[in-house]
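Shown next: structure_39.cif, containing mmCIF, C-alpha atoms.
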data_query
#
loop_
_atom_site.group_PDB
_atom_site.id
_atom_site.type_symbol
_atom_site.label_atom_id
_atom_site.label_comp_id
_atom_site.auth_asym_id
_atom_site.auth_seq_id
_atom_site.Cartn_x
_atom_site.Cartn_y
_atom_site.Cartn_z
ATOM 1 C CA ASN A 1 -8.949 5.679 -18.296
ATOM 2 C CA SER A 2 -12.388 4.036 -18.202
ATOM 3 C CA LEU A 3 -12.981 5.526 -14.751
ATOM 4 C CA SER A 4 -12.145 8.978 -16.070
ATOM 5 C CA ARG A 5 -14.740 8.629 -18.820
ATOM 6 C CA ILE A 6 -17.405 7.718 -16.269
ATOM 7 C CA ILE A 7 -16.739 10.224 -13.470
ATOM 8 C CA GLY A 8 -14.452 12.795 -15.039
ATOM 9 C CA ASP A 9 -11.339 13.690 -13.082
ATOM 10 C CA ASN A 10 -12.812 12.883 -9.647
ATOM 11 C CA VAL A 11 -10.472 9.963 -8.939
ATOM 12 C CA PHE A 12 -8.539 10.157 -5.653
ATOM 13 C CA LEU A 13 -5.666 8.272 -4.010
ATOM 14 C CA ILE A 14 -5.293 7.658 -0.271
ATOM 15 C CA ASP A 15 -1.951 6.445 1.109
ATOM 16 C CA LEU A 16 -3.109 5.621 4.608
ATOM 17 C CA LEU A 17 0.310 4.788 6.095
ATOM 18 C CA SER A 18 2.613 6.745 3.833
ATOM 19 C CA ASN A 19 5.947 7.046 5.657
ATOM 20 C CA SER A 20 8.505 9.364 3.961
ATOM 21 C CA GLY A 21 7.895 8.326 0.350
ATOM 22 C CA VAL A 22 10.893 6.015 -0.082
ATOM 23 C CA ASN A 23 11.723 2.516 1.156
ATOM 24 C CA ARG A 24 15.196 1.647 2.403
ATOM 25 C CA ILE A 25 16.559 -1.684 1.180
ATOM 26 C CA GLY A 26 17.563 -3.714 4.240
ATOM 27 C CA LYS A 27 20.474 -5.743 2.819
ATOM 28 C CA CYS A 28 23.524 -4.739 0.837
ATOM 29 C CA GLY A 29 23.092 -5.586 -2.829
ATOM 30 C CA LYS A 30 26.779 -6.414 -3.176
ATOM 31 C CA CYS A 31 27.698 -8.614 -0.186
ATOM 32 C CA ASP A 32 24.202 -9.382 1.225
ATOM 33 C CA LYS A 33 25.128 -8.048 4.685
ATOM 34 C CA GLU A 34 22.430 -6.282 6.708
ATOM 35 C CA TYR A 35 22.870 -2.494 6.617
ATOM 36 C CA GLU A 36 23.432 -0.759 9.946
ATOM 37 C CA PRO A 37 20.289 1.262 10.860
ATOM 38 C CA ASP A 38 21.932 4.711 10.758
ATOM 39 C CA SER A 39 24.507 4.086 8.038
ATOM 40 C CA ASP A 40 24.306 5.224 4.415
ATOM 41 C CA ARG A 41 26.884 2.654 3.275
ATOM 42 C CA CYS A 42 27.627 -1.003 3.943
ATOM 43 C CA ARG A 43 30.115 -1.394 6.787
ATOM 44 C CA LYS A 44 31.628 -4.479 5.115
ATOM 45 C CA CYS A 45 32.094 -3.445 1.461
ATOM 46 C CA ASP A 46 31.240 0.297 1.477
ATOM 47 C CA TYR A 47 28.407 -0.185 -1.022
ATOM 48 C CA PRO A 48 25.776 2.610 -0.772
ATOM 49 C CA VAL A 49 22.351 1.998 0.769
ATOM 50 C CA LYS A 50 19.609 1.704 -1.867
ATOM 51 C CA PHE A 51 16.156 3.299 -1.770
ATOM 52 C CA ILE A 52 13.058 2.676 -3.909
ATOM 53 C CA HIS A 53 9.953 4.811 -4.319
ATOM 54 C CA GLY A 54 7.013 4.226 -2.003
ATOM 55 C CA SER A 55 3.295 4.169 -2.788
ATOM 56 C CA THR A 56 2.692 7.924 -2.854
ATOM 57 C CA LEU A 57 5.473 8.666 -5.333
ATOM 58 C CA ILE A 58 4.473 5.730 -7.527
ATOM 59 C CA GLY A 59 0.873 6.985 -7.450
ATOM 60 C CA MET A 60 2.074 10.308 -8.841
ATOM 61 C CA THR A 61 3.060 8.560 -12.089
ATOM 62 C CA SER A 62 -0.554 7.553 -12.844
ATOM 63 C CA ARG A 63 -1.977 9.021 -16.073
ATOM 64 C CA PRO A 64 -4.340 10.716 -16.059
ATOM 65 C CA SER A 65 -3.273 12.095 -12.692
ATOM 66 C CA PHE A 66 -5.365 11.552 -9.591
ATOM 67 C CA LYS A 67 -7.408 14.627 -8.697
ATOM 68 C CA LYS A 68 -5.918 14.635 -5.212
ATOM 69 C CA ILE A 69 -3.466 12.448 -3.280
ATOM 70 C CA TYR A 70 -3.814 12.134 0.504
ATOM 71 C CA ALA A 71 -0.895 10.944 2.663
ATOM 72 C CA VAL A 72 -1.184 10.089 6.368
ATOM 73 C CA ASP A 73 1.587 9.401 8.870
ATOM 74 C CA LEU A 74 2.113 9.674 12.620
ATOM 75 C CA ASP A 75 5.532 11.261 12.132
ATOM 76 C CA ARG A 76 5.564 14.903 11.022
ATOM 77 C CA ASN A 77 9.180 14.528 9.844
ATOM 78 C CA ASN A 78 8.179 11.703 7.494
ATOM 79 C CA LEU A 79 5.507 13.900 5.947
ATOM 80 C CA SER A 80 7.903 16.843 5.593
ATOM 81 C CA ALA A 81 10.341 14.613 3.703
ATOM 82 C CA LEU A 82 7.512 13.227 1.564
ATOM 83 C CA SER A 83 6.210 16.718 0.739
ATOM 84 C CA ALA A 84 9.691 17.825 -0.355
ATOM 85 C CA ARG A 85 9.968 14.800 -2.651
ATOM 86 C CA VAL A 86 6.511 15.437 -4.095
ATOM 87 C CA ASP A 87 7.317 19.115 -4.744
ATOM 88 C CA PHE A 88 10.534 18.104 -6.492
ATOM 89 C CA LEU A 89 8.962 15.414 -8.684
ATOM 90 C CA LYS A 90 5.617 16.954 -9.668
ATOM 91 C CA PRO A 91 6.818 19.413 -12.328
ATOM 92 C CA ARG A 92 9.444 16.987 -13.591
ATOM 93 C CA ILE A 93 7.019 14.135 -14.316
ATOM 94 C CA GLY A 94 3.978 16.215 -15.290
ATOM 95 C CA CYS A 95 1.827 15.235 -12.306
ATOM 96 C CA THR A 96 -1.173 17.558 -11.840
ATOM 97 C CA SER A 97 -2.539 16.037 -8.609
ATOM 98 C CA ASP A 98 -3.231 18.191 -5.572
ATOM 99 C CA PHE A 99 -1.316 16.833 -2.586
ATOM 100 C CA VAL A 100 -2.487 16.903 1.037
ATOM 101 C CA THR A 101 -0.818 15.497 4.159
ATOM 102 C CA TYR A 102 -2.419 14.578 7.484
ATOM 103 C CA THR A 103 -0.291 14.124 10.585
ATOM 104 C CA GLY A 104 -1.695 11.717 13.150
ATOM 105 C CA ASP A 105 -3.389 8.370 13.619
ATOM 106 C CA CYS A 106 -4.866 7.117 10.343
ATOM 107 C CA ASN A 107 -7.828 5.712 12.299
ATOM 108 C CA VAL A 108 -8.704 9.272 13.337
ATOM 109 C CA ARG A 109 -7.756 11.197 10.196
ATOM 110 C CA ILE A 110 -9.710 8.890 7.863
ATOM 111 C CA ASP A 111 -12.928 10.801 8.681
ATOM 112 C CA ASP A 112 -11.415 14.106 7.497
ATOM 113 C CA ILE A 113 -10.204 12.493 4.283
ATOM 114 C CA LEU A 114 -13.470 10.763 3.437
ATOM 115 C CA ASN A 115 -15.461 13.925 4.093
ATOM 116 C CA ASP A 116 -13.182 15.861 1.747
ATOM 117 C CA ILE A 117 -13.585 13.203 -0.953
ATOM 118 C CA ARG A 118 -17.315 12.603 -0.614
ATOM 119 C CA TRP A 119 -18.590 16.167 -0.410
ATOM 120 C CA ILE A 120 -18.120 19.324 -2.465
ATOM 121 C CA GLU A 121 -19.135 22.928 -1.772
ATOM 122 C CA GLU A 122 -20.611 24.805 -4.726
ATOM 123 C CA GLY A 123 -22.415 28.133 -4.617
ATOM 124 C CA GLY A 124 -22.942 27.935 -0.872
ATOM 125 C CA THR A 125 -24.518 24.473 -1.050
ATOM 126 C CA ARG A 126 -23.040 21.123 -0.109
ATOM 127 C CA ARG A 127 -23.611 18.122 -2.329
ATOM 128 C CA LYS A 128 -22.271 14.597 -2.631
ATOM 129 C CA ARG A 129 -19.471 14.197 -5.136
ATOM 130 C CA ASN A 130 -19.586 11.617 -7.921
ATOM 131 C CA CYS A 131 -16.156 10.084 -7.467
ATOM 132 C CA HIS A 132 -13.954 7.031 -7.048
ATOM 133 C CA TYR A 133 -10.876 6.457 -4.913
ATOM 134 C CA LEU A 134 -8.101 3.949 -4.394
ATOM 135 C CA ALA A 135 -6.817 3.384 -0.858
ATOM 136 C CA LEU A 136 -3.371 1.892 -0.219
ATOM 137 C CA VAL A 137 -2.952 0.371 3.249
ATOM 138 C CA ASP A 138 0.564 -0.832 4.107
ATOM 139 C CA ASN A 139 -0.688 -2.623 7.190
ATOM 140 C CA LYS A 140 2.430 -4.556 8.175
ATOM 141 C CA GLY A 141 2.137 -3.239 11.738
ATOM 142 C CA LEU A 142 -1.638 -3.886 12.069
ATOM 143 C CA ASP A 143 -2.038 -0.103 12.363
ATOM 144 C CA ALA A 144 -5.267 0.429 10.409
ATOM 145 C CA ASN A 145 -8.157 -0.837 12.513
ATOM 146 C CA TRP A 146 -11.043 -2.820 11.045
ATOM 147 C CA GLU A 147 -13.406 0.083 11.718
ATOM 148 C CA THR A 148 -11.251 2.281 9.441
ATOM 149 C CA ILE A 149 -11.334 -0.305 6.641
ATOM 150 C CA ARG A 150 -15.086 -0.682 7.145
ATOM 151 C CA LYS A 151 -15.638 3.060 6.690
ATOM 152 C CA MET A 152 -13.970 2.908 3.281
ATOM 153 C CA LEU A 153 -15.820 -0.251 2.284
ATOM 154 C CA ASP A 154 -19.101 1.600 2.893
ATOM 155 C CA ASP A 155 -18.337 3.537 -0.310
ATOM 156 C CA VAL A 156 -19.399 1.623 -3.410
ATOM 157 C CA TYR A 157 -16.783 3.306 -5.583
ATOM 158 C CA CYS A 158 -13.751 2.464 -3.499
ATOM 159 C CA ASP A 159 -10.893 0.061 -4.270
ATOM 160 C CA LEU A 160 -8.325 -1.041 -1.706
ATOM 161 C CA ILE A 161 -4.897 -2.659 -1.814
ATOM 162 C CA ILE A 162 -3.924 -3.932 1.637
ATOM 163 C CA ASN A 163 -0.533 -5.278 2.685
ATOM 164 C CA PHE A 164 -1.294 -8.132 5.096
ATOM 165 C CA PRO A 165 1.694 -9.249 7.263
ATOM 166 C CA THR A 166 1.014 -12.971 6.994
ATOM 167 C CA SER A 167 4.198 -14.520 8.366
ATOM 168 C CA SER A 168 4.740 -11.938 11.102
ATOM 169 C CA TYR A 169 1.141 -12.097 12.371
ATOM 170 C CA ASN A 170 2.039 -14.514 15.185
ATOM 171 C CA ARG A 171 4.135 -11.816 16.883
ATOM 172 C CA ASN A 172 0.984 -9.703 17.272
ATOM 173 C CA TYR A 173 -1.340 -12.606 18.066
ATOM 174 C CA GLN A 174 -3.623 -12.185 21.086
ATOM 175 C CA SER A 175 -2.993 -8.483 21.575
ATOM 176 C CA ALA A 176 -5.402 -5.578 21.927
ATOM 177 C CA LYS A 177 -3.965 -4.220 18.692
ATOM 178 C CA ALA A 178 -4.895 -7.441 16.870
ATOM 179 C CA GLN A 179 -8.419 -7.193 18.265
ATOM 180 C CA ARG A 180 -8.813 -3.682 16.843
ATOM 181 C CA PHE A 181 -7.261 -4.782 13.557
ATOM 182 C CA PHE A 182 -9.769 -7.610 13.089
ATOM 183 C CA GLY A 183 -12.682 -5.853 14.767
ATOM 184 C CA VAL A 184 -13.325 -8.555 17.386
ATOM 185 C CA SER A 185 -14.153 -8.136 21.055
ATOM 186 C CA ARG A 186 -12.490 -11.249 22.530
ATOM 187 C CA PHE A 187 -9.043 -12.845 22.160
ATOM 188 C CA GLU A 188 -10.748 -16.171 21.527
ATOM 189 C CA GLU A 189 -12.140 -14.820 18.238
ATOM 190 C CA LEU A 190 -8.696 -14.115 16.798
ATOM 191 C CA PRO A 191 -7.280 -16.482 14.152
ATOM 192 C CA ASP A 192 -4.253 -18.421 15.389
ATOM 193 C CA THR A 193 -2.021 -18.585 12.298
ATOM 194 C CA GLY A 194 -0.973 -16.229 9.524
ATOM 195 C CA GLN A 195 -2.806 -18.138 6.796
ATOM 196 C CA SER A 196 -6.013 -18.457 8.779
ATOM 197 C CA ALA A 197 -5.729 -14.732 9.596
ATOM 198 C CA VAL A 198 -5.660 -13.821 5.881
ATOM 199 C CA ALA A 199 -8.709 -15.987 5.182
ATOM 200 C CA PHE A 200 -10.575 -14.550 8.195
ATOM 201 C CA TYR A 201 -9.813 -10.971 7.142
ATOM 202 C CA MET A 202 -10.825 -11.509 3.515
ATOM 203 C CA GLU A 203 -14.111 -13.069 4.574
ATOM 204 C CA LYS A 204 -14.913 -10.061 6.773
ATOM 205 C CA ILE A 205 -14.332 -7.812 3.740
ATOM 206 C CA ARG A 206 -16.587 -9.950 1.529
ATOM 207 C CA ARG A 207 -19.411 -9.614 4.016
ATOM 208 C CA VAL A 208 -19.453 -5.812 3.597
ATOM 209 C CA GLY A 209 -21.649 -5.585 0.511
ATOM 210 C CA GLU A 210 -20.792 -7.280 -2.768
ATOM 211 C CA ARG A 211 -17.021 -7.190 -2.998
ATOM 212 C CA TYR A 212 -14.508 -9.004 -5.130
ATOM 213 C CA VAL A 213 -11.536 -9.922 -2.933
ATOM 214 C CA GLU A 214 -8.352 -11.554 -4.203
ATOM 215 C CA THR A 215 -4.920 -12.092 -2.706
ATOM 216 C CA VAL A 216 -1.440 -12.266 -4.173
ATOM 217 C CA SER A 217 1.179 -13.955 -1.974
ATOM 218 C CA VAL A 218 4.654 -12.415 -2.037
ATOM 219 C CA ARG A 219 7.378 -14.729 -0.699
ATOM 220 C CA THR A 220 11.105 -14.425 -0.128
ATOM 221 C CA ASP A 221 13.645 -17.251 -0.100
ATOM 222 C CA ILE A 222 13.283 -17.460 3.674
ATOM 223 C CA SER A 223 10.209 -17.897 5.835
ATOM 224 C CA TYR A 224 9.015 -14.273 5.604
ATOM 225 C CA HIS A 225 6.095 -13.543 3.303
ATOM 226 C CA TYR A 226 3.098 -11.254 3.069
ATOM 227 C CA ASP A 227 -0.149 -11.069 1.104
ATOM 228 C CA LEU A 228 -1.437 -8.208 -1.014
ATOM 229 C CA ILE A 229 -5.221 -8.121 -0.715
ATOM 230 C CA PHE A 230 -7.072 -6.483 -3.629
ATOM 231 C CA VAL A 231 -10.622 -5.297 -2.996
ATOM 232 C CA THR A 232 -13.008 -3.887 -5.591
ATOM 233 C CA LYS A 233 -16.619 -4.045 -6.734
ATOM 234 C CA SER A 234 -18.092 -7.443 -7.464
ATOM 235 C CA ASN A 235 -17.129 -9.020 -10.821
ATOM 236 C CA PRO A 236 -14.468 -6.474 -11.840
ATOM 237 C CA GLY A 237 -13.525 -6.015 -15.448
ATOM 238 C CA PHE A 238 -9.854 -6.000 -14.509
ATOM 239 C CA LYS A 239 -9.868 -9.574 -13.128
ATOM 240 C CA PRO A 240 -7.768 -10.872 -16.074
ATOM 241 C CA TYR A 241 -5.143 -8.199 -15.323
ATOM 242 C CA LEU A 242 -5.087 -9.158 -11.651
ATOM 243 C CA ASP A 243 -4.707 -12.816 -12.578
ATOM 244 C CA SER A 244 -1.730 -11.867 -14.772
ATOM 245 C CA LEU A 245 -0.184 -9.849 -11.931
ATOM 246 C CA LYS A 246 -0.648 -12.782 -9.574
ATOM 247 C CA THR A 247 1.102 -15.118 -12.004
ATOM 248 C CA ILE A 248 4.020 -12.715 -12.475
ATOM 249 C CA VAL A 249 4.553 -11.976 -8.761
ATOM 250 C CA GLN A 250 4.435 -15.627 -7.748
ATOM 251 C CA ARG A 251 6.783 -16.656 -10.560
ATOM 252 C CA TYR A 252 9.759 -14.663 -9.287
ATOM 253 C CA SER A 253 11.862 -15.167 -6.171
ATOM 254 C CA ALA A 254 13.899 -12.838 -3.967
ATOM 255 C CA ASN A 255 16.987 -13.862 -5.962
ATOM 256 C CA ASP A 256 15.286 -12.626 -9.140
ATOM 257 C CA VAL A 257 14.691 -9.250 -7.478
ATOM 258 C CA ARG A 258 18.338 -9.051 -6.411
ATOM 259 C CA THR A 259 19.398 -9.841 -9.979
ATOM 260 C CA ALA A 260 17.170 -7.025 -11.251
ATOM 261 C CA PHE A 261 18.890 -4.568 -8.875
ATOM 262 C CA ASP A 262 22.274 -5.864 -10.056
ATOM 263 C CA LEU A 263 21.271 -5.099 -13.650
ATOM 264 C CA ILE A 264 20.032 -1.624 -12.740
ATOM 265 C CA ASP A 265 23.237 -0.837 -10.823
ATOM 266 C CA GLY A 266 25.479 -2.235 -13.564
ATOM 267 C CA ARG A 267 27.037 -4.963 -11.393
ATOM 268 C CA VAL A 268 26.031 -7.592 -13.978
ATOM 269 C CA ARG A 269 25.524 -7.319 -17.737
ATOM 270 C CA PRO A 270 22.521 -8.584 -19.706
ATOM 271 C CA ILE A 271 23.204 -11.259 -22.338
ATOM 272 C CA ALA A 272 22.438 -8.720 -25.082
ATOM 273 C CA TYR A 273 25.516 -6.761 -23.957
ATOM 274 C CA PHE A 274 27.792 -9.551 -25.232
ATOM 275 C CA THR A 275 26.056 -10.117 -28.580
#

Starting from the coordinates I provided, produce the structure as structure tokens.
Amino acid sequence: NSLSRIIGDNVFLIDLLSNSGVNRIGKCGKCDKEYEPDSDRCRKCDYPVKFIHGSTLIGMTSRPSFKKIYAVDLDRNNLSALSARVDFLKPRIGCTSDFVTYTGDCNVRIDDILNDIRWIEEGGTRRKRNCHYLALVDNKGLDANWETIRKMLDDVYCDLIINFPTSSYNRNYQSAKAQRFFGVSRFEELPDTGQSAVAFYMEKIRRVGERYVETVSVRTDISYHYDLIFVTKSNPGFKPYLDSLKTIVQRYSANDVRTAFDLIDGRVRPIAYFT
């Protein structure tokens, strides 16, 4: 709301690796067996596969609405499914955002998006737009190169939330893809562990102007975990809110999340039900 008072309705959302708009839960919520890739029900107990909304659909619930939401994906079928979901939800939830999809490599399409955000045509003249945008980068596959992140960081009024694949980084270690991701020219410059990779990446971000960079670690009950990296202008007013989010996320375990799904699906009853 404070952003809207400063720059009107010129607040944009970029979902740089959008997928189809929903996330498929990997394990059965009833028997904990892994779902088969092409099945819509658990082969062991016949429990249906569960889906949760992805970043684009969650972004549509923001109030006031973003002026425009941009979604990028390599797969045209993913974007077709996402567009259908957006068209269905928009009138039902009162979202007024314009919605644009870009098929292709996010490292290529980012230039088209930033040009559309930064510039406006009025009366035959082109001028720079007074605006702000939030970019969501679900970078679990190291798909968004450092040069792409750097282009967004060049904008003062840009915030980013980046999913950093901390525990799975070693699988991509010493690859050309990792070099592009970190923006280094030699394998020897690459960090050698997941934790050192997060620190290295955050420091690169800090060196691009005055940026406040914070991370929230998200862990499961097994060895897999990732970090959410939050990037904004230096000394943000929302730091107390981010600290609260960090405390909440790190307080709960994967078992707590499973219990929440059990409550939603009615498999367990809250204590209040029995009182």

Please expand the PyMOL selection byres ((chain A and resi 131-133) around 12) into the concrete residues it hits in this file, giving the result as a compact mmCIF listing (two decimals) with C-alpha atoms, keeping the file's coordinate frame.
# COMPACT_ATOMS: atom_id res chain seq x y z
CA SER A 2 -12.39 4.04 -18.20
CA LEU A 3 -12.98 5.53 -14.75
CA SER A 4 -12.14 8.98 -16.07
CA ARG A 5 -14.74 8.63 -18.82
CA ILE A 6 -17.40 7.72 -16.27
CA ILE A 7 -16.74 10.22 -13.47
CA GLY A 8 -14.45 12.80 -15.04
CA ASP A 9 -11.34 13.69 -13.08
CA ASN A 10 -12.81 12.88 -9.65
CA VAL A 11 -10.47 9.96 -8.94
CA PHE A 12 -8.54 10.16 -5.65
CA LEU A 13 -5.67 8.27 -4.01
CA ILE A 14 -5.29 7.66 -0.27
CA ASP A 15 -1.95 6.44 1.11
CA PHE A 66 -5.36 11.55 -9.59
CA LYS A 67 -7.41 14.63 -8.70
CA LYS A 68 -5.92 14.64 -5.21
CA ILE A 69 -3.47 12.45 -3.28
CA TYR A 70 -3.81 12.13 0.50
CA ILE A 113 -10.20 12.49 4.28
CA LEU A 114 -13.47 10.76 3.44
CA ASP A 116 -13.18 15.86 1.75
CA ILE A 117 -13.58 13.20 -0.95
CA ARG A 118 -17.32 12.60 -0.61
CA TRP A 119 -18.59 16.17 -0.41
CA ILE A 120 -18.12 19.32 -2.46
CA LYS A 128 -22.27 14.60 -2.63
CA ARG A 129 -19.47 14.20 -5.14
CA ASN A 130 -19.59 11.62 -7.92
CA LEU A 134 -8.10 3.95 -4.39
CA ALA A 135 -6.82 3.38 -0.86
CA LEU A 136 -3.37 1.89 -0.22
CA MET A 152 -13.97 2.91 3.28
CA LEU A 153 -15.82 -0.25 2.28
CA ASP A 155 -18.34 3.54 -0.31
CA VAL A 156 -19.40 1.62 -3.41
CA TYR A 157 -16.78 3.31 -5.58
CA CYS A 158 -13.75 2.46 -3.50
CA ASP A 159 -10.89 0.06 -4.27
CA LEU A 160 -8.32 -1.04 -1.71
CA ILE A 161 -4.90 -2.66 -1.81
CA VAL A 231 -10.62 -5.30 -3.00
CA THR A 232 -13.01 -3.89 -5.59
CA LYS A 233 -16.62 -4.04 -6.73

Task: Pairwise distance for CA of Gly183 (chain A) and CA of Glu147 (chain A), rounded to one decimal in Å - done: 6.7 Å

Task: Hits of the PyMOL selection byres ((chain A and resi 217) around 6) in this structure, as a ChimeraX atom specification - done: /A:216,218,227

Open item on the list: I'd like the contact shell of Ala81 (chain A) - 12 Å cut-off, only C-alpha atoms, skipping same-chain residues fewer than 6 positions apart - returned as a ChimeraX atom specification.
Closed with: /A:18-22,57,71,73,75,87-88,101

- [ ] Report the distance between CA of Thr56 (chain A) and CA of Lys246 (chain A) in Å, rounded to one decimal place.
- [x] 22.0 Å

Task: Gap from CA of Val86 (chain A) to CA of Asp38 (chain A) - Å, one decimal - done: 23.9 Å

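When the PyMOL selection byres ((chain A and resi 250) around 12) is run on the displayed coordinates, the residues it returns are Thr215, Val216, Ser217, Val218, Arg219, Thr220, His225, Tyr226, Asp227, Leu228, Asp243, Ser244, Leu245, Lys246, Thr247, Ile248, Val249, Arg251, Tyr252, Ser253, Ala254 and Asp256 of chain A.
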
Open item on the list: Set the distance at 9 Å and use only C-alpha atoms: which residues neighbour Lys44 (chain A) once local chain neighbours fewer than 3 positions away are removed? I'd like the list as a list in words.
Closed with: Cys31, Lys33, Arg41 and Tyr47 of chain A

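Closest approach to Gly141 (chain A) from the set A:Tyr201, A:Gly123, A:Leu17, A:His53 is made by A:Leu17, with distances taken over all atoms listed in the file.
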
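When all atoms listed in the file are used to measure the gap to Asp32 (chain A), the shortest distance among A:Glu189, A:Glu121, A:Asp98, A:Asp262 belongs to A:Asp262.
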
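In this comparison, which uses only C-alpha atoms, the residue of A:Ser83, A:Thr61, A:Asn78, A:Asn163 approaching Cys95 (chain A) most closely is A:Thr61.
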
Task: Counting only C-alpha atoms, the option among A:Arg85, A:Ser168, A:Arg258, A:Gln174 closest to Arg186 (chain A) - done: A:Gln174

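With only C-alpha atoms as the basis for measurement, A:Leu16 is the residue among A:Ile58, A:Ile229, A:Leu263, A:Leu16 that approaches Asp143 (chain A) most closely.
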
As AutoDock Vina command-line options: centre and edge lengths in Å, one decimal, of the axis-aligned box holding region 43-59 of chain A with 8 Å per side:
--center_x 16.5 --center_y 2.1 --center_z -0.4 --size_x 47.2 --size_y 29.1 --size_z 30.3

TODO: Counting all atoms listed in the file, note down every residue that has an atom within 10 Å of the point (3.0, 16.4, -13.0) (file coordinates), as a ChimeraX atom specification.
DONE: /A:60-65,86-87,89-98

TODO: Determine the nearest neighbour of Ala144 (chain A) from the options A:Thr166, A:Pro37, A:Arg109, A:Asn115, counting all atoms listed in the file.
DONE: A:Arg109

Task: Polymer residues at most 7 Å from Glu210 (chain A), all atoms listed in the file, same-chain spacing of 2 or more positions, as number ranges by chain - done: A: 206, 208, 212, 233-234
